[in-house]
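Report on one structure; see the data block that follows.
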Amino acid sequence: MMRDPADPAVFEAIVRATRDALAEAEVRLPPDVIAALERARSRERNPVARGELDQILANVALAADLKAPLCQDTGVPIVYVTLPSDLPYTLHLHRAIAEGVRRASREVPLRPNVVDPLTRKNTGDNTGPGIPVIHVRPGNELRITVLPKGAGAENVSRIGMLLPTEAGTIPRFVAETVLLAGGRPCPPVILGVGIGGTFDSAAALAKEALLLPVDTMDDFEQQLCDAVNTLGIGPMGLGGDTTALAVKVRTAACHTASLPVAVNVQCWAARRAGRVVEVPP
Amino acid sequence: MNLRTPLSDEVRDLRAGDRVTLSGIVYTARDEAHERMRKEGIPFNPRGAAVYHCGPVVAGDRILAAGPTTSARLNAFTGFLLDAGVRAIIGKGGMSPAVGELLRGRAVYLAFTGGCAVLAASRMRLRGVEFADLGMAEAVWVIELDRLPLVVGMDAHGGDLFAQVGEKAKEQFQRLSNTLGKEPA
């Protein structure tokens with residue numbers, strides 16, 4: 001028998017995986033992000049900044065205990081899907097994921113954040129045309145990974161179409177993004193940097209970089225992170241050593257005449273979680 | 001210092017960088033509530049009041065999550081509240097130098113840690129709602145606080161911690177610019 005997202009049992013399994021991943025992401029910060037916050041707290045020298053980091057860590061613990069959303073901006077859902085070769089890619093996959101978002105919105109509950117861009121009318125259930133944002137690629141298992149993204153940090157994200165000779169100015173562009181953002185994105189931030197690709201794919205790469213664990217950085221990422229931290233913006237823009245917890249970079253090939261660079265800014269509440277869909281036989 | 005609403009001239013004793021707690025009634029307001037208040041009037045007594053830039057998650061009569069939203073979006077909509085007697089604005093990220101001038105001699109901007117929505121909710125009791133038709137995120141919620149921990153971001157004498165930090169960051173960025181690569185032509 002052909003397995004198909006249109007099959008009610010498969011559809012329900014996708015709904016439940018999406019709902020569960022989103023529910024977990026909203027209340028429980030990934031361990032690598034918590035570890036990065038604790039490390040920052042132990043190194044921070046500014047007393048106001050230490051107080052802010054203490055409040056963040058207290059909030060993280062309280063949210064996990066109470067199973068309540070970490071932040072009232074429960075974000076808009078970005079969903080990454082890997083699809084195995086024996087499952088057809090159909091509209092039902094999108095419908096099931098959207099239904100999972102609706103279910104999480106009712107049950108967690110999540111704040112309804114999704115509106116029409118012009119009338120600003122709220123859809124009430126965190127879905128709408130183009131939302132959830134869904135990225136599908138081939139994989140070995142049907143896996144749903146969610147990244148709920150708040151607006152404060154998203155709104156200060158930037159893309160630059162640099163000249164091919166300007167690769168050396170990438171650190172400057174990244175640091176400038178954080179300088180212009182100041183306290184608005186709820187620092188300490190994590191920066192997803194997408195280098196290469198096209199105007200649109202660079203931005204998508206930058207967001208995907210936010211799925212990477214933050215407990216390791218390569219030399220280039222560390223260089224970018226150190227540059228950002230010398231700005232002294234600190235937690236919430238109140239000053240301090242901790243402006244960025246980590247910088248993660250992803251690259252793609254690009255046109256010989258282009259150098260797109262996108263910086264997707266993520267607040268300290270770097271929420272992400274995944275579920276493998278147990279597809280009924 | 002422990003503050004309690006309604007606030008009065010004690011706010012003039014505060015200096016940017018001070019850590020305080022706030023108790024008593026506060027009113028949430030975001031973009032649409034500000035617009036409605038400007039057109040139709042303020043639905044609470046503004047004298048000595050504190051306005052919190054927040055769109056909470058509310059379930060029944062309970063507040064589940066209520067961290068601050070970005071205050072800068074409301075820069076242009078704050079003067080009428082201060083003129084009506086509001087003594088404290090609570091939010092995150094700070095506000096414009098123009099708002100700093102409007103605070104002079106009468107009011108302060110208090111920063112609460114962005115994203116700490118559950119911590120905030122643990123210090124809150126829901127007392128009512130105005131403009132409920134604006135929806136959960138945009139309505140004016142009437143909330144009683146029990147010692148919410150805050151930092152004075154902008155004081156009533158022109159002191160502005162965000163601006164000080166921003167100035168230093170700008171200087172540091174200029175200094176770094178050479179090692180970070182030249183400005184794109």
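Ordering of the structure tokens sets the chain letters (A, B, ...), residue numbers begin anew at 1 in every chain, and ligands are numbered from 1 in the order given.
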Fill in: Exercise: range 74-89 of chain B partners within 8 Å, only C-alpha atoms, chain neighbours under 6 positions left out, as a count of residues only
27
Close residues, range 57-60 of chain A itself excluded, 8 Å, only C-alpha atoms, min 4 positions apart in chain, as a PDB file with N, CA and C atoms, in the first residue's frame:
ATOM      1  N   ARG A  28      10.856  25.139  26.056  1.00  0.00           N
ATOM      2  CA  ARG A  28      12.143  24.595  26.495  1.00  0.00           C
ATOM      3  C   ARG A  28      13.236  25.028  25.537  1.00  0.00           C
ATOM      4  N   LEU A  29      14.193  25.780  26.043  1.00  0.00           N
ATOM      5  CA  LEU A  29      15.301  26.238  25.210  1.00  0.00           C
ATOM      6  C   LEU A  29      16.268  25.065  24.990  1.00  0.00           C
ATOM      7  N   ILE A  34      21.150  27.131  26.378  1.00  0.00           N
ATOM      8  CA  ILE A  34      21.223  27.360  27.826  1.00  0.00           C
ATOM      9  C   ILE A  34      22.680  27.380  28.281  1.00  0.00           C
ATOM     10  N   LEU A  37      24.280  30.635  27.437  1.00  0.00           N
ATOM     11  CA  LEU A  37      23.836  31.702  28.340  1.00  0.00           C
ATOM     12  C   LEU A  37      24.567  31.606  29.685  1.00  0.00           C
ATOM     13  N   GLU A  38      24.715  30.365  30.181  1.00  0.00           N
ATOM     14  CA  GLU A  38      25.400  30.181  31.478  1.00  0.00           C
ATOM     15  C   GLU A  38      26.875  30.576  31.376  1.00  0.00           C
ATOM     16  N   LEU A  53      21.186  38.752  32.637  1.00  0.00           N
ATOM     17  CA  LEU A  53      21.424  37.332  32.324  1.00  0.00           C
ATOM     18  C   LEU A  53      20.828  36.432  33.408  1.00  0.00           C
ATOM     19  N   ALA A  64      10.279  26.162  31.714  1.00  0.00           N
ATOM     20  CA  ALA A  64      10.343  24.698  31.599  1.00  0.00           C
ATOM     21  C   ALA A  64       9.518  24.045  32.706  1.00  0.00           C
ATOM     22  N   LEU A  70       8.289  30.539  26.810  1.00  0.00           N
ATOM     23  CA  LEU A  70       9.408  31.339  27.312  1.00  0.00           C
ATOM     24  C   LEU A  70       9.157  32.826  27.172  1.00  0.00           C
TER      25      LEU A  70
ATOM     26  N   CYS B 116      11.662  37.718  28.943  1.00  0.00           N
ATOM     27  CA  CYS B 116      11.459  37.051  30.241  1.00  0.00           C
ATOM     28  C   CYS B 116       9.986  37.074  30.616  1.00  0.00           C
ATOM     29  N   ALA B 117       9.200  36.445  29.748  1.00  0.00           N
ATOM     30  CA  ALA B 117       7.755  36.554  29.805  1.00  0.00           C
ATOM     31  C   ALA B 117       7.146  35.773  30.961  1.00  0.00           C
ATOM     32  N   VAL B 118       7.742  34.647  31.293  1.00  0.00           N
ATOM     33  CA  VAL B 118       7.191  33.814  32.362  1.00  0.00           C
ATOM     34  C   VAL B 118       7.575  34.395  33.716  1.00  0.00           C
ATOM     35  N   LEU B 119       8.808  34.890  33.801  1.00  0.00           N
ATOM     36  CA  LEU B 119       9.257  35.568  35.015  1.00  0.00           C
ATOM     37  C   LEU B 119       8.332  36.755  35.311  1.00  0.00           C
TER      38      LEU B 119
END
Item to complete: Write out as a PyMOL selection string the residues lying within 12 Å of Lys248 in chain A, counting only C-alpha atoms and excluding same-chain residues fewer than 2 positions away.
Response: chain A and resi 174+189-195+205-225+244-246+250-251+262-266
Worksheet entry | Spatial neighbours of Gly128 in chain B, max dist 9 Å, only C-alpha atoms, sep filter under 4 positions, as a PyMOL selection string | chain B and resi 61+140-143
Practice prompt. Would you give me, as a ChimeraX atom specification, the residues of chain B that come within 8 Å of chain A, using only C-alpha atoms?
Written response: /B:17,55-57,59,64-67,69-70,72,92-94,113-119,136-137,151,153,161-162,165-166,168-170,172-173,176-177,180-184
Worksheet entry | All strand (DSSP E) residues (DSSP, backbone) inside range 4-248 of chain A, as a ChimeraX atom specification | /A:76-83,133-138,143-149,158-162,189-197,244-248
Go ahead and write the selection's residues with C-alpha atoms as an mmCIF file, in the first residue's frame.
data_model
loop_
_atom_site.group_PDB
_atom_site.id
_atom_site.type_symbol
_atom_site.label_atom_id
_atom_site.label_comp_id
_atom_site.auth_asym_id
_atom_site.auth_seq_id
_atom_site.Cartn_x
_atom_site.Cartn_y
_atom_site.Cartn_z
ATOM 1 C CA VAL A 76 5.781 32.873 13.481
ATOM 2 C CA PRO A 77 6.465 29.227 12.625
ATOM 3 C CA ILE A 78 9.294 28.394 10.224
ATOM 4 C CA VAL A 79 9.221 24.663 9.471
ATOM 5 C CA TYR A 80 12.004 22.538 7.960
ATOM 6 C CA VAL A 81 10.986 19.148 6.612
ATOM 7 C CA THR A 82 13.038 16.220 5.368
ATOM 8 C CA LEU A 83 11.013 13.907 3.157
ATOM 9 C CA VAL A 133 6.982 29.035 6.086
ATOM 10 C CA ILE A 134 7.802 25.487 4.971
ATOM 11 C CA HIS A 135 11.125 24.292 3.520
ATOM 12 C CA VAL A 136 11.142 20.733 2.186
ATOM 13 C CA ARG A 137 14.183 18.743 1.122
ATOM 14 C CA PRO A 138 14.948 15.072 0.608
ATOM 15 C CA ARG A 143 11.441 14.897 10.185
ATOM 16 C CA ILE A 144 9.715 18.132 11.185
ATOM 17 C CA THR A 145 11.944 20.832 12.671
ATOM 18 C CA VAL A 146 10.359 24.064 13.848
ATOM 19 C CA LEU A 147 11.954 27.431 14.466
ATOM 20 C CA PRO A 148 9.413 29.915 15.877
ATOM 21 C CA LYS A 149 10.786 33.382 15.111
ATOM 22 C CA ARG A 158 19.713 42.734 6.991
ATOM 23 C CA ILE A 159 20.850 41.650 3.570
ATOM 24 C CA GLY A 160 23.657 43.256 1.575
ATOM 25 C CA MET A 161 24.477 42.661 -2.069
ATOM 26 C CA LEU A 162 28.227 43.216 -1.742
ATOM 27 C CA VAL A 189 21.762 37.571 20.139
ATOM 28 C CA ILE A 190 22.733 34.655 17.977
ATOM 29 C CA LEU A 191 23.543 35.640 14.395
ATOM 30 C CA GLY A 192 22.795 33.405 11.430
ATOM 31 C CA VAL A 193 24.925 34.557 8.502
ATOM 32 C CA GLY A 194 24.249 33.399 4.946
ATOM 33 C CA ILE A 195 27.006 34.082 2.448
ATOM 34 C CA GLY A 196 26.538 33.453 -1.272
ATOM 35 C CA GLY A 197 23.556 32.099 -3.157
ATOM 36 C CA ALA A 244 26.297 37.893 20.916
ATOM 37 C CA LEU A 245 26.275 34.342 22.263
ATOM 38 C CA ALA A 246 27.367 32.890 18.929
ATOM 39 C CA VAL A 247 27.632 33.519 15.192
ATOM 40 C CA LYS A 248 26.864 30.689 12.790
#
Worksheet item: What does the distance between CA of Ala13 in chain A and CA of Arg275 in chain A come to in Å, to one decimal place?
Response: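 These atoms are spaced 10.5 Å apart.
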Worksheet item: By how many Å are CA of Pro8 in chain A and CA of Asp125 in chain A apart?
Response: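 Rounded to one decimal, the two atoms are 21.8 Å apart.
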Discussion item. Measuring between only C-alpha atoms, which one of A:Thr256, A:Thr18, A:Thr119, A:Asn140 shows the shortest distance to Leu87 in chain A?
Written reply: A:Asn140
Fill in: Atomic separation - CA of Ala156 in chain B relative to CA of Val20 in chain B, Å
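Going from CA of Val20 in chain B over to CA of Ala156 in chain B, I get 14.9 Å.
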Discussion item. I'd like the contact shell of Ile25 in chain B - 10 Å cut-off, only C-alpha atoms, skipping same-chain residues fewer than 2 positions apart - returned as JSON, numbers by chain.
Written reply: {"B": [4, 5, 6, 22, 23, 27, 49, 50, 51, 124, 125, 126, 127, 142, 143, 144, 145, 146]}
Discussion item. I want to know what sits within 8 Å of His157 in chain B, based on only C-alpha atoms, with residues of the same chain fewer than 5 positions away left out; could you give that as a list in words?
Written reply: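 Using only C-alpha atoms, the neighbours found are Arg12, Arg15, Leu103, Arg104 and Gly105 of chain B.
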Worksheet item: Which of these residues is nearest to Ala252 in chain A, using only C-alpha atoms: A:Ala203, A:Ala23, A:Asn126, A:Asp7?
Response: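 Nearest to Ala252 in chain A: A:Ala203.
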